[in-house]
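Asker: Once you've had a glance at the structure underneath, I'll fire off some questions.
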Amino acid sequence: MIQIKLFTTAFIFVSTFTFAASIDQTIIMCNDCHGEKGVSGDADIPSIAGFSETTIADMLTIYLDEGRIARKSKFRHGDTQRQETDMLTVTEKLSDEDIEALAIYYAEQTFIPAKQNFDAALAKKGEQLHQKQCTKCHENGGASPDDDTGILAGQWAPYLQQTFKDYRDGTRETENGMLKKLNKLSDEQINALINYYASQQ
């Protein structure tokens with residue numbers, strides 16, 4: 001009986017250690033694109049630090065379901081000579097436990113707003129537009145992770161520009177309510193919103 005218990009305990013320990021090591025390597029790979037602890041230094045790559053667990057898990061699942069375009073990207077850190085990859089290729093290798101572990105890890109990190117240029121006049125218009133159109137789902141000026149919609153405030157403007165474009169042309173799925181609102185906005189209004197989010201540094 002004692003031998004069986006010892007064997008079971010050892011098996012659990014080895015399995016846990018192997019899982020932890022695997023997740024550590026996955027986190028390193030993710031950070032090699034998204035930046036240390038998920039804080040991006042590249043304007044076309046979003047910061048994901050501080051997003052809620054639900055948001056991170058949903059994002060990864062959406063890639064698996066091919067509801068979001070997976071663009072090829074080079075690694076920005078570590079071995080930058082590695083072959084470029086994309087989010088579908090990455091998520092296909094993840095188990096449910098991996099996704100949960102990644103969601104927990106990035107939710108525990110601190111979101112750091114990107115330091116970037118913005119147009120103050122447009123940002124003011126964008127703030128008014130956000131309060132009128134967006135605050136129901138994107139709380140606290142888009143800075144709250146608790147609404148499970150990601151963090152817009154302080155996110156890279158070029159990334160947000162691409163995101164809005166993807167939503168409007170159907171390349172990326174979103175809720176019907178949000179899509180209807182986006183389609184009613186002019187290019188100038190979207191630009192104002194992006195400048196508002198970029199201004200929160």
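For the structure tokens, the naming scheme is as follows: chains receive sequential letters (A, B, ...) according to their order of presentation, residues are indexed from 1 within each chain, and ligands are indexed from 1 in presentation order.
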Skipping near chain neighbours, those fewer than 4 positions away, what residues fall within 12 Å of Thr174 (chain A) using only C-alpha atoms, listed as a list in words?

Answerer: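 Residues near the query, excluding close chain neighbours: Asp58, Met59, Ile62, Gly67, Arg68, Thr149, Thr163, Phe164, Asp166, Tyr167, Arg168, Asp169, Gly170, Met178, Leu179, Lys180, Lys181 and Leu182 of chain A.
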
Asker: Hey, can you spit out that residue selection with all heavy atoms as a short mmCIF file (atom, residue, chain, number, x, y, z; two decimals), in the first residue's frame?

Answerer:
```
data_model
loop_
_atom_site.label_atom_id
_atom_site.label_comp_id
_atom_site.auth_asym_id
_atom_site.auth_seq_id
_atom_site.Cartn_x
_atom_site.Cartn_y
_atom_site.Cartn_z
N ASP A 58 -11.02 33.67 -23.78
CA ASP A 58 -11.91 33.86 -24.94
C ASP A 58 -11.12 34.17 -26.20
O ASP A 58 -11.43 33.67 -27.29
CB ASP A 58 -12.91 34.99 -24.67
CG ASP A 58 -14.02 34.56 -23.73
OD1 ASP A 58 -14.12 33.36 -23.42
OD2 ASP A 58 -14.79 35.44 -23.28
N MET A 59 -10.10 35.02 -26.07
CA MET A 59 -9.28 35.38 -27.23
C MET A 59 -8.63 34.14 -27.83
O MET A 59 -8.64 33.95 -29.06
CB MET A 59 -8.20 36.39 -26.81
CG MET A 59 -8.71 37.80 -26.57
SD MET A 59 -7.49 38.85 -25.73
CE MET A 59 -6.06 38.62 -26.74
N ILE A 62 -11.23 31.94 -29.55
CA ILE A 62 -11.70 32.52 -30.81
C ILE A 62 -10.71 32.23 -31.94
O ILE A 62 -11.11 31.93 -33.07
CB ILE A 62 -11.93 34.04 -30.66
CG1 ILE A 62 -13.18 34.28 -29.80
CG2 ILE A 62 -12.10 34.71 -32.02
CD1 ILE A 62 -13.35 35.72 -29.38
N GLY A 67 -12.38 32.47 -35.60
CA GLY A 67 -13.26 33.63 -35.65
C GLY A 67 -12.48 34.93 -35.69
O GLY A 67 -13.05 36.01 -35.67
N ARG A 68 -11.19 34.81 -35.75
CA ARG A 68 -10.31 35.99 -35.78
C ARG A 68 -9.11 35.68 -36.66
O ARG A 68 -8.52 34.61 -36.55
CB ARG A 68 -9.87 36.33 -34.36
CG ARG A 68 -8.97 37.53 -34.22
CD ARG A 68 -8.79 37.86 -32.76
NE ARG A 68 -7.80 38.92 -32.57
CZ ARG A 68 -7.46 39.44 -31.40
NH1 ARG A 68 -8.06 39.00 -30.30
NH2 ARG A 68 -6.55 40.39 -31.31
N THR A 149 -13.77 42.85 -21.68
CA THR A 149 -13.72 43.25 -23.08
C THR A 149 -12.31 43.69 -23.49
O THR A 149 -12.14 44.34 -24.52
CB THR A 149 -14.70 44.40 -23.36
OG1 THR A 149 -14.38 45.52 -22.53
CG2 THR A 149 -16.13 43.98 -23.11
N THR A 163 -7.65 46.68 -35.70
CA THR A 163 -8.75 45.96 -35.07
C THR A 163 -10.10 46.50 -35.53
O THR A 163 -11.00 45.74 -35.90
CB THR A 163 -8.65 46.07 -33.54
OG1 THR A 163 -7.42 45.47 -33.10
CG2 THR A 163 -9.82 45.36 -32.86
N PHE A 164 -10.24 47.82 -35.51
CA PHE A 164 -11.49 48.43 -35.99
C PHE A 164 -11.75 48.06 -37.45
O PHE A 164 -12.89 47.77 -37.83
CB PHE A 164 -11.43 49.95 -35.83
CG PHE A 164 -11.74 50.43 -34.44
CD1 PHE A 164 -10.79 51.13 -33.71
CD2 PHE A 164 -12.98 50.19 -33.87
CE1 PHE A 164 -11.07 51.59 -32.43
CE2 PHE A 164 -13.27 50.64 -32.58
CZ PHE A 164 -12.31 51.33 -31.85
N ASP A 166 -10.72 45.39 -39.03
CA ASP A 166 -11.08 43.97 -39.10
C ASP A 166 -12.54 43.75 -38.70
O ASP A 166 -13.24 42.93 -39.30
CB ASP A 166 -10.16 43.15 -38.19
CG ASP A 166 -8.74 43.04 -38.73
OD1 ASP A 166 -8.53 43.34 -39.91
OD2 ASP A 166 -7.85 42.65 -37.96
N TYR A 167 -12.98 44.47 -37.68
CA TYR A 167 -14.38 44.34 -37.26
C TYR A 167 -15.32 44.79 -38.38
O TYR A 167 -16.30 44.12 -38.69
CB TYR A 167 -14.65 45.20 -36.02
CG TYR A 167 -14.20 44.59 -34.72
CD1 TYR A 167 -13.62 45.38 -33.72
CD2 TYR A 167 -14.37 43.23 -34.45
CE1 TYR A 167 -13.22 44.84 -32.51
CE2 TYR A 167 -13.96 42.68 -33.25
CZ TYR A 167 -13.39 43.50 -32.28
OH TYR A 167 -13.00 42.95 -31.09
N ARG A 168 -14.99 45.92 -38.97
CA ARG A 168 -15.91 46.51 -39.94
C ARG A 168 -15.96 45.74 -41.26
O ARG A 168 -17.01 45.71 -41.93
CB ARG A 168 -15.52 47.98 -40.20
CG ARG A 168 -15.67 48.85 -38.96
CD ARG A 168 -15.24 50.27 -39.22
NE ARG A 168 -16.33 51.06 -39.79
CZ ARG A 168 -16.19 52.32 -40.21
NH1 ARG A 168 -15.00 52.89 -40.16
NH2 ARG A 168 -17.21 52.98 -40.69
N ASP A 169 -14.86 45.12 -41.64
CA ASP A 169 -14.90 44.37 -42.91
C ASP A 169 -15.21 42.88 -42.71
O ASP A 169 -15.20 42.10 -43.66
CB ASP A 169 -13.60 44.55 -43.71
CG ASP A 169 -12.37 43.95 -43.02
OD1 ASP A 169 -12.52 43.11 -42.12
OD2 ASP A 169 -11.24 44.35 -43.39
N GLY A 170 -15.50 42.50 -41.47
CA GLY A 170 -15.90 41.13 -41.20
C GLY A 170 -14.76 40.15 -41.03
O GLY A 170 -14.99 38.94 -40.87
N MET A 178 -22.17 45.66 -31.13
CA MET A 178 -20.96 46.44 -31.33
C MET A 178 -20.73 46.72 -32.82
O MET A 178 -20.34 47.83 -33.20
CB MET A 178 -19.75 45.72 -30.75
CG MET A 178 -18.45 46.50 -30.92
SD MET A 178 -17.06 45.71 -30.09
CE MET A 178 -15.71 46.74 -30.67
N LEU A 179 -20.98 45.71 -33.63
CA LEU A 179 -20.77 45.89 -35.07
C LEU A 179 -21.70 46.95 -35.63
O LEU A 179 -21.29 47.78 -36.46
CB LEU A 179 -21.00 44.56 -35.80
CG LEU A 179 -20.71 44.56 -37.30
CD1 LEU A 179 -19.27 44.97 -37.58
CD2 LEU A 179 -21.01 43.19 -37.89
N LYS A 180 -22.94 46.97 -35.18
CA LYS A 180 -23.89 48.00 -35.63
C LYS A 180 -23.40 49.40 -35.25
O LYS A 180 -23.49 50.34 -36.05
CB LYS A 180 -25.27 47.74 -35.03
CG LYS A 180 -25.99 46.55 -35.64
CD LYS A 180 -27.35 46.35 -34.99
CE LYS A 180 -28.07 45.15 -35.60
NZ LYS A 180 -29.39 44.90 -34.95
N LYS A 181 -22.89 49.52 -34.03
CA LYS A 181 -22.38 50.82 -33.59
C LYS A 181 -21.17 51.24 -34.41
O LYS A 181 -21.06 52.40 -34.83
CB LYS A 181 -22.00 50.77 -32.11
CG LYS A 181 -23.19 50.80 -31.16
CD LYS A 181 -22.73 50.98 -29.73
CE LYS A 181 -23.93 51.14 -28.80
NZ LYS A 181 -23.50 51.41 -27.41
N LEU A 182 -20.27 50.30 -34.65
CA LEU A 182 -19.06 50.61 -35.42
C LEU A 182 -19.40 51.06 -36.84
O LEU A 182 -18.82 52.00 -37.37
CB LEU A 182 -18.14 49.40 -35.48
CG LEU A 182 -17.27 49.11 -34.25
CD1 LEU A 182 -16.50 47.82 -34.45
CD2 LEU A 182 -16.32 50.26 -33.98
#
```

Asker: I'd like the contact shell of Thr26 (chain A) - 10 Å cut-off, only C-alpha atoms, skipping same-chain residues fewer than 6 positions apart - returned as a list in words.

Answerer: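 Residues near the query, excluding close chain neighbours: Ala20, Asp32, Val90, Lys93, Leu94, Asp98 and Leu102 of chain A.
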
Asker: Could those selected residues go to a file with N, CA and C atoms, as a PDB file, in the first residue's frame?

Answerer:
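Contents of the output file result31.pdb:
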```pdb
ATOM      1  N   ALA A  20       4.235  22.463 -15.519  1.00  0.00           N
ATOM      2  CA  ALA A  20       4.736  23.794 -15.174  1.00  0.00           C
ATOM      3  C   ALA A  20       5.861  24.215 -16.115  1.00  0.00           C
ATOM      4  N   ASP A  32       7.789  36.600 -26.283  1.00  0.00           N
ATOM      5  CA  ASP A  32       8.720  36.931 -27.363  1.00  0.00           C
ATOM      6  C   ASP A  32       8.024  37.692 -28.488  1.00  0.00           C
ATOM      7  N   VAL A  90      -0.180  28.816 -32.822  1.00  0.00           N
ATOM      8  CA  VAL A  90       0.158  28.760 -31.395  1.00  0.00           C
ATOM      9  C   VAL A  90      -0.955  28.083 -30.602  1.00  0.00           C
ATOM     10  N   LYS A  93      -1.758  24.200 -30.414  1.00  0.00           N
ATOM     11  CA  LYS A  93      -0.887  23.343 -29.603  1.00  0.00           C
ATOM     12  C   LYS A  93      -1.247  23.399 -28.120  1.00  0.00           C
ATOM     13  N   LEU A  94      -2.241  24.228 -27.761  1.00  0.00           N
ATOM     14  CA  LEU A  94      -2.576  24.418 -26.354  1.00  0.00           C
ATOM     15  C   LEU A  94      -3.705  23.494 -25.914  1.00  0.00           C
ATOM     16  N   ASP A  98      -3.602  24.454 -20.531  1.00  0.00           N
ATOM     17  CA  ASP A  98      -2.656  25.482 -20.958  1.00  0.00           C
ATOM     18  C   ASP A  98      -3.349  26.846 -21.056  1.00  0.00           C
ATOM     19  N   LEU A 102      -2.408  30.155 -18.930  1.00  0.00           N
ATOM     20  CA  LEU A 102      -2.014  31.407 -19.576  1.00  0.00           C
ATOM     21  C   LEU A 102      -2.939  32.537 -19.171  1.00  0.00           C
TER      22      LEU A 102
END
```

Asker: Which neighbours of Ile56 (chain A) fall inside 9 Å, counting only C-alpha atoms, when residues of the same chain fewer than 4 positions from it are skipped, and could you give them as a VMD selection string?

Answerer: chain A and resid 48 51 to 52 60 to 61 99 to 100 102 to 104 106 to 107 148 150

Asker: Got time to write the residues from that selection, all heavy atoms, as an mmCIF file, in the first residue's frame?

Answerer:
```cif
data_model
loop_
_atom_site.group_PDB
_atom_site.id
_atom_site.type_symbol
_atom_site.label_atom_id
_atom_site.label_comp_id
_atom_site.auth_asym_id
_atom_site.auth_seq_id
_atom_site.Cartn_x
_atom_site.Cartn_y
_atom_site.Cartn_z
ATOM 1 N N ILE A 48 -1.190 42.517 -23.571
ATOM 2 C CA ILE A 48 -2.248 41.670 -23.025
ATOM 3 C C ILE A 48 -2.122 41.532 -21.508
ATOM 4 O O ILE A 48 -2.956 40.882 -20.878
ATOM 5 C CB ILE A 48 -2.243 40.276 -23.678
ATOM 6 C CG1 ILE A 48 -0.875 39.608 -23.552
ATOM 7 C CG2 ILE A 48 -2.653 40.373 -25.146
ATOM 8 C CD1 ILE A 48 -0.830 38.181 -24.095
ATOM 9 N N PHE A 51 -5.242 41.860 -18.710
ATOM 10 C CA PHE A 51 -6.556 41.484 -19.213
ATOM 11 C C PHE A 51 -7.164 40.459 -18.244
ATOM 12 O O PHE A 51 -6.444 39.724 -17.580
ATOM 13 C CB PHE A 51 -6.454 40.837 -20.594
ATOM 14 C CG PHE A 51 -6.266 41.810 -21.733
ATOM 15 C CD1 PHE A 51 -5.710 43.060 -21.533
ATOM 16 C CD2 PHE A 51 -6.628 41.456 -23.025
ATOM 17 C CE1 PHE A 51 -5.529 43.947 -22.589
ATOM 18 C CE2 PHE A 51 -6.463 42.327 -24.080
ATOM 19 C CZ PHE A 51 -5.912 43.583 -23.868
ATOM 20 N N SER A 52 -8.472 40.402 -18.172
ATOM 21 C CA SER A 52 -9.108 39.427 -17.293
ATOM 22 C C SER A 52 -8.857 38.008 -17.794
ATOM 23 O O SER A 52 -8.574 37.795 -18.973
ATOM 24 C CB SER A 52 -10.613 39.683 -17.203
ATOM 25 O OG SER A 52 -11.239 39.350 -18.432
ATOM 26 N N LEU A 60 -8.050 33.312 -26.996
ATOM 27 C CA LEU A 60 -7.376 32.111 -27.487
ATOM 28 C C LEU A 60 -8.374 31.149 -28.129
ATOM 29 O O LEU A 60 -8.086 30.547 -29.172
ATOM 30 C CB LEU A 60 -6.636 31.424 -26.332
ATOM 31 C CG LEU A 60 -5.461 32.218 -25.737
ATOM 32 C CD1 LEU A 60 -4.928 31.528 -24.492
ATOM 33 C CD2 LEU A 60 -4.342 32.397 -26.762
ATOM 34 N N THR A 61 -9.545 31.022 -27.525
ATOM 35 C CA THR A 61 -10.574 30.132 -28.069
ATOM 36 C C THR A 61 -11.083 30.633 -29.411
ATOM 37 O O THR A 61 -11.339 29.834 -30.331
ATOM 38 C CB THR A 61 -11.741 30.000 -27.069
ATOM 39 O OG1 THR A 61 -11.245 29.515 -25.817
ATOM 40 C CG2 THR A 61 -12.791 29.038 -27.590
ATOM 41 N N ILE A 99 -4.519 26.851 -21.681
ATOM 42 C CA ILE A 99 -5.262 28.103 -21.856
ATOM 43 C C ILE A 99 -5.623 28.699 -20.505
ATOM 44 O O ILE A 99 -5.483 29.907 -20.291
ATOM 45 C CB ILE A 99 -6.527 27.854 -22.709
ATOM 46 C CG1 ILE A 99 -6.118 27.577 -24.161
ATOM 47 C CG2 ILE A 99 -7.479 29.046 -22.636
ATOM 48 C CD1 ILE A 99 -7.265 27.203 -25.073
ATOM 49 N N GLU A 100 -6.054 27.852 -19.591
ATOM 50 C CA GLU A 100 -6.390 28.332 -18.248
ATOM 51 C C GLU A 100 -5.168 28.913 -17.549
ATOM 52 O O GLU A 100 -5.239 29.988 -16.934
ATOM 53 C CB GLU A 100 -6.975 27.191 -17.411
ATOM 54 C CG GLU A 100 -7.376 27.624 -16.009
ATOM 55 C CD GLU A 100 -7.935 26.483 -15.172
ATOM 56 O OE1 GLU A 100 -7.961 25.340 -15.681
ATOM 57 O OE2 GLU A 100 -8.331 26.725 -14.028
ATOM 58 N N LEU A 102 -2.408 30.155 -18.930
ATOM 59 C CA LEU A 102 -2.014 31.407 -19.576
ATOM 60 C C LEU A 102 -2.939 32.537 -19.171
ATOM 61 O O LEU A 102 -2.489 33.671 -18.934
ATOM 62 C CB LEU A 102 -2.030 31.233 -21.095
ATOM 63 C CG LEU A 102 -0.932 30.357 -21.694
ATOM 64 C CD1 LEU A 102 -1.210 30.099 -23.174
ATOM 65 C CD2 LEU A 102 0.437 31.009 -21.519
ATOM 66 N N ALA A 103 -4.240 32.255 -19.099
ATOM 67 C CA ALA A 103 -5.213 33.270 -18.702
ATOM 68 C C ALA A 103 -4.919 33.776 -17.294
ATOM 69 O O ALA A 103 -4.952 34.988 -17.032
ATOM 70 C CB ALA A 103 -6.626 32.704 -18.783
ATOM 71 N N ILE A 104 -4.609 32.852 -16.394
ATOM 72 C CA ILE A 104 -4.292 33.237 -15.016
ATOM 73 C C ILE A 104 -3.021 34.066 -14.971
ATOM 74 O O ILE A 104 -2.952 35.104 -14.299
ATOM 75 C CB ILE A 104 -4.139 31.981 -14.127
ATOM 76 C CG1 ILE A 104 -5.501 31.292 -13.952
ATOM 77 C CG2 ILE A 104 -3.549 32.346 -12.766
ATOM 78 C CD1 ILE A 104 -5.424 29.943 -13.286
ATOM 79 N N TYR A 106 -1.457 35.971 -17.330
ATOM 80 C CA TYR A 106 -1.520 37.329 -17.880
ATOM 81 C C TYR A 106 -2.482 38.219 -17.102
ATOM 82 O O TYR A 106 -2.279 39.435 -17.017
ATOM 83 C CB TYR A 106 -1.868 37.287 -19.366
ATOM 84 C CG TYR A 106 -0.682 36.865 -20.188
ATOM 85 C CD1 TYR A 106 -0.652 35.618 -20.811
ATOM 86 C CD2 TYR A 106 0.441 37.679 -20.308
ATOM 87 C CE1 TYR A 106 0.462 35.208 -21.543
ATOM 88 C CE2 TYR A 106 1.556 37.274 -21.019
ATOM 89 C CZ TYR A 106 1.558 36.040 -21.637
ATOM 90 O OH TYR A 106 2.671 35.644 -22.342
ATOM 91 N N ALA A 107 -3.515 37.629 -16.510
ATOM 92 C CA ALA A 107 -4.435 38.413 -15.679
ATOM 93 C C ALA A 107 -3.731 38.950 -14.436
ATOM 94 O O ALA A 107 -4.118 39.998 -13.891
ATOM 95 C CB ALA A 107 -5.638 37.572 -15.278
ATOM 96 N N ASP A 148 -14.449 42.429 -18.991
ATOM 97 C CA ASP A 148 -14.117 41.280 -19.855
ATOM 98 C C ASP A 148 -14.158 41.620 -21.342
ATOM 99 O O ASP A 148 -14.507 40.785 -22.188
ATOM 100 C CB ASP A 148 -15.059 40.093 -19.575
ATOM 101 C CG ASP A 148 -14.899 39.534 -18.172
ATOM 102 O OD1 ASP A 148 -13.780 39.616 -17.626
ATOM 103 O OD2 ASP A 148 -15.894 39.030 -17.609
ATOM 104 N N GLY A 150 -11.324 43.340 -22.678
ATOM 105 C CA GLY A 150 -9.965 43.780 -22.967
ATOM 106 C C GLY A 150 -9.733 45.179 -22.433
ATOM 107 O O GLY A 150 -10.615 45.796 -21.830
#
```

Asker: Write down as JSON, numbers by chain the residues of region 25-128 of chain A whose backbone DSSP state falls under helix (DSSP H, G or I).

Answerer: {"A": [25, 26, 27, 28, 29, 30, 31, 32, 33, 34, 36, 37, 38, 53, 54, 55, 56, 57, 58, 59, 60, 61, 62, 63, 64, 87, 88, 89, 90, 91, 96, 97, 98, 99, 100, 101, 102, 103, 104, 105, 106, 107, 120, 121, 122, 123, 124, 125, 126, 127, 128]}

Asker: Wanna dump the region 28-53 of chain A-region 75-86 of chain A contacts at 9 Å for me, each residue with its shortest atom pair and the distance in Å to one decimal, counting only C-alpha atoms, ordered by chain and number, as a Markdown table?

Answerer:
```
| residue | atom | partner | partner_atom | distance |
| --- | --- | --- | --- | --- |
| A:Ile28 | CA | A:Gly78 | CA | 8.7 |
| A:Met29 | CA | A:Gly78 | CA | 8.5 |
| A:Asn31 | CA | A:His77 | CA | 7.7 |
| A:Asp32 | CA | A:His77 | CA | 4.5 |
| A:Cys33 | CA | A:Arg76 | CA | 5.2 |
| A:His34 | CA | A:Arg76 | CA | 8.1 |
| A:Gly35 | CA | A:His77 | CA | 7.5 |
| A:Glu36 | CA | A:His77 | CA | 8.9 |
| A:Asp42 | CA | A:Arg76 | CA | 8.2 |
```

Asker: Can I get the selected residues back with all heavy atoms, as a PDB file, in the first residue's frame?

Answerer:
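Output below, filename result.pdb:
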```pdb
ATOM      1  N   ILE A  28       7.149  32.122 -22.268  1.00  0.00           N
ATOM      2  CA  ILE A  28       8.324  32.757 -22.875  1.00  0.00           C
ATOM      3  C   ILE A  28       8.082  33.007 -24.352  1.00  0.00           C
ATOM      4  O   ILE A  28       8.383  34.097 -24.877  1.00  0.00           O
ATOM      5  CB  ILE A  28       9.579  31.886 -22.671  1.00  0.00           C
ATOM      6  CG1 ILE A  28      10.001  31.899 -21.205  1.00  0.00           C
ATOM      7  CG2 ILE A  28      10.729  32.385 -23.547  1.00  0.00           C
ATOM      8  CD1 ILE A  28      11.102  30.906 -20.871  1.00  0.00           C
ATOM      9  N   MET A  29       7.503  32.017 -25.036  1.00  0.00           N
ATOM     10  CA  MET A  29       7.216  32.176 -26.459  1.00  0.00           C
ATOM     11  C   MET A  29       6.204  33.293 -26.689  1.00  0.00           C
ATOM     12  O   MET A  29       6.361  34.113 -27.598  1.00  0.00           O
ATOM     13  CB  MET A  29       6.682  30.866 -27.039  1.00  0.00           C
ATOM     14  CG  MET A  29       6.411  30.941 -28.543  1.00  0.00           C
ATOM     15  SD  MET A  29       5.610  29.458 -29.180  1.00  0.00           S
ATOM     16  CE  MET A  29       4.013  29.577 -28.368  1.00  0.00           C
ATOM     17  N   ASN A  31       5.647  35.863 -24.756  1.00  0.00           N
ATOM     18  CA  ASN A  31       6.299  37.136 -24.445  1.00  0.00           C
ATOM     19  C   ASN A  31       7.286  37.563 -25.527  1.00  0.00           C
ATOM     20  O   ASN A  31       7.567  38.752 -25.677  1.00  0.00           O
ATOM     21  CB  ASN A  31       7.022  37.050 -23.099  1.00  0.00           C
ATOM     22  CG  ASN A  31       6.065  36.990 -21.923  1.00  0.00           C
ATOM     23  OD1 ASN A  31       4.878  37.271 -22.061  1.00  0.00           O
ATOM     24  ND2 ASN A  31       6.577  36.609 -20.767  1.00  0.00           N
ATOM     25  N   ASP A  32       7.789  36.600 -26.283  1.00  0.00           N
ATOM     26  CA  ASP A  32       8.720  36.931 -27.363  1.00  0.00           C
ATOM     27  C   ASP A  32       8.024  37.692 -28.488  1.00  0.00           C
ATOM     28  O   ASP A  32       8.689  38.284 -29.350  1.00  0.00           O
ATOM     29  CB  ASP A  32       9.386  35.660 -27.912  1.00  0.00           C
ATOM     30  CG  ASP A  32      10.519  35.183 -27.015  1.00  0.00           C
ATOM     31  OD1 ASP A  32      10.928  35.938 -26.118  1.00  0.00           O
ATOM     32  OD2 ASP A  32      10.996  34.045 -27.216  1.00  0.00           O
ATOM     33  N   CYS A  33       6.701  37.694 -28.485  1.00  0.00           N
ATOM     34  CA  CYS A  33       5.952  38.555 -29.415  1.00  0.00           C
ATOM     35  C   CYS A  33       5.280  39.707 -28.663  1.00  0.00           C
ATOM     36  O   CYS A  33       5.342  40.859 -29.084  1.00  0.00           O
ATOM     37  CB  CYS A  33       4.893  37.752 -30.170  1.00  0.00           C
ATOM     38  SG  CYS A  33       5.513  36.927 -31.650  1.00  0.00           S
ATOM     39  N   HIS A  34       4.629  39.378 -27.546  1.00  0.00           N
ATOM     40  CA  HIS A  34       3.816  40.368 -26.832  1.00  0.00           C
ATOM     41  C   HIS A  34       4.606  41.208 -25.839  1.00  0.00           C
ATOM     42  O   HIS A  34       4.045  42.136 -25.240  1.00  0.00           O
ATOM     43  CB  HIS A  34       2.654  39.673 -26.105  1.00  0.00           C
ATOM     44  CG  HIS A  34       1.572  39.209 -27.031  1.00  0.00           C
ATOM     45  ND1 HIS A  34       0.595  40.047 -27.510  1.00  0.00           N
ATOM     46  CD2 HIS A  34       1.340  37.992 -27.583  1.00  0.00           C
ATOM     47  CE1 HIS A  34      -0.211  39.368 -28.316  1.00  0.00           C
ATOM     48  NE2 HIS A  34       0.219  38.123 -28.385  1.00  0.00           N
ATOM     49  N   GLY A  35       5.885  40.908 -25.666  1.00  0.00           N
ATOM     50  CA  GLY A  35       6.703  41.681 -24.742  1.00  0.00           C
ATOM     51  C   GLY A  35       6.761  41.040 -23.367  1.00  0.00           C
ATOM     52  O   GLY A  35       5.914  40.205 -23.015  1.00  0.00           O
ATOM     53  N   GLU A  36       7.739  41.442 -22.569  1.00  0.00           N
ATOM     54  CA  GLU A  36       7.919  40.869 -21.240  1.00  0.00           C
ATOM     55  C   GLU A  36       6.662  41.036 -20.404  1.00  0.00           C
ATOM     56  O   GLU A  36       6.105  42.122 -20.285  1.00  0.00           O
ATOM     57  CB  GLU A  36       9.102  41.533 -20.531  1.00  0.00           C
ATOM     58  CG  GLU A  36       9.438  40.907 -19.185  1.00  0.00           C
ATOM     59  CD  GLU A  36      10.669  41.508 -18.541  1.00  0.00           C
ATOM     60  OE1 GLU A  36      11.287  42.383 -19.161  1.00  0.00           O
ATOM     61  OE2 GLU A  36      10.988  41.101 -17.413  1.00  0.00           O
ATOM     62  N   ASP A  42       5.821  46.945 -29.349  1.00  0.00           N
ATOM     63  CA  ASP A  42       5.650  47.050 -30.798  1.00  0.00           C
ATOM     64  C   ASP A  42       4.224  47.472 -31.109  1.00  0.00           C
ATOM     65  O   ASP A  42       3.267  46.855 -30.640  1.00  0.00           O
ATOM     66  CB  ASP A  42       5.964  45.710 -31.466  1.00  0.00           C
ATOM     67  CG  ASP A  42       7.411  45.299 -31.246  1.00  0.00           C
ATOM     68  OD1 ASP A  42       8.284  45.844 -31.928  1.00  0.00           O
ATOM     69  OD2 ASP A  42       7.654  44.432 -30.375  1.00  0.00           O
TER      70      ASP A  42
END
```

Asker: Pick out the closest residue to Arg172 (chain A) from this set: A:Cys134, A:Leu152, A:Ile45, A:Ile69. Count only C-alpha atoms.

Answerer: A:Ile69

Asker: Report the distance between CA of Ala198 (chain A) and CA of Ile27 (chain A) in Å, rounded to one decimal place.

Answerer: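 The value is 26.5 Å.
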
Asker: Please report the interatomic distance between CA of Asn191 (chain A) and CA of Glu175 (chain A) in Å with one decimal.

Answerer: 20.9 Å

Asker: Suppose you want the space between CA of Thr91 (chain A) and CA of Lys72 (chain A); what is it in Å?

Answerer: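 We find that CA of Thr91 (chain A) and CA of Lys72 (chain A) lie 13.4 Å from each other.
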
Asker: Considering only C-alpha atoms, state which residue in the set A:Pro46, A:Gly142, A:Gly126, A:Pro113 is at the smallest distance from Asp187 (chain A).

Answerer: A:Gly126

Asker: Considering only C-alpha atoms, can you say which of A:Thr110, A:Gln133, A:Ser47, A:Gln25 comes closest to Gly154 (chain A)?

Answerer: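 Of the candidates, the smallest distance to Gly154 (chain A) is held by A:Ser47.
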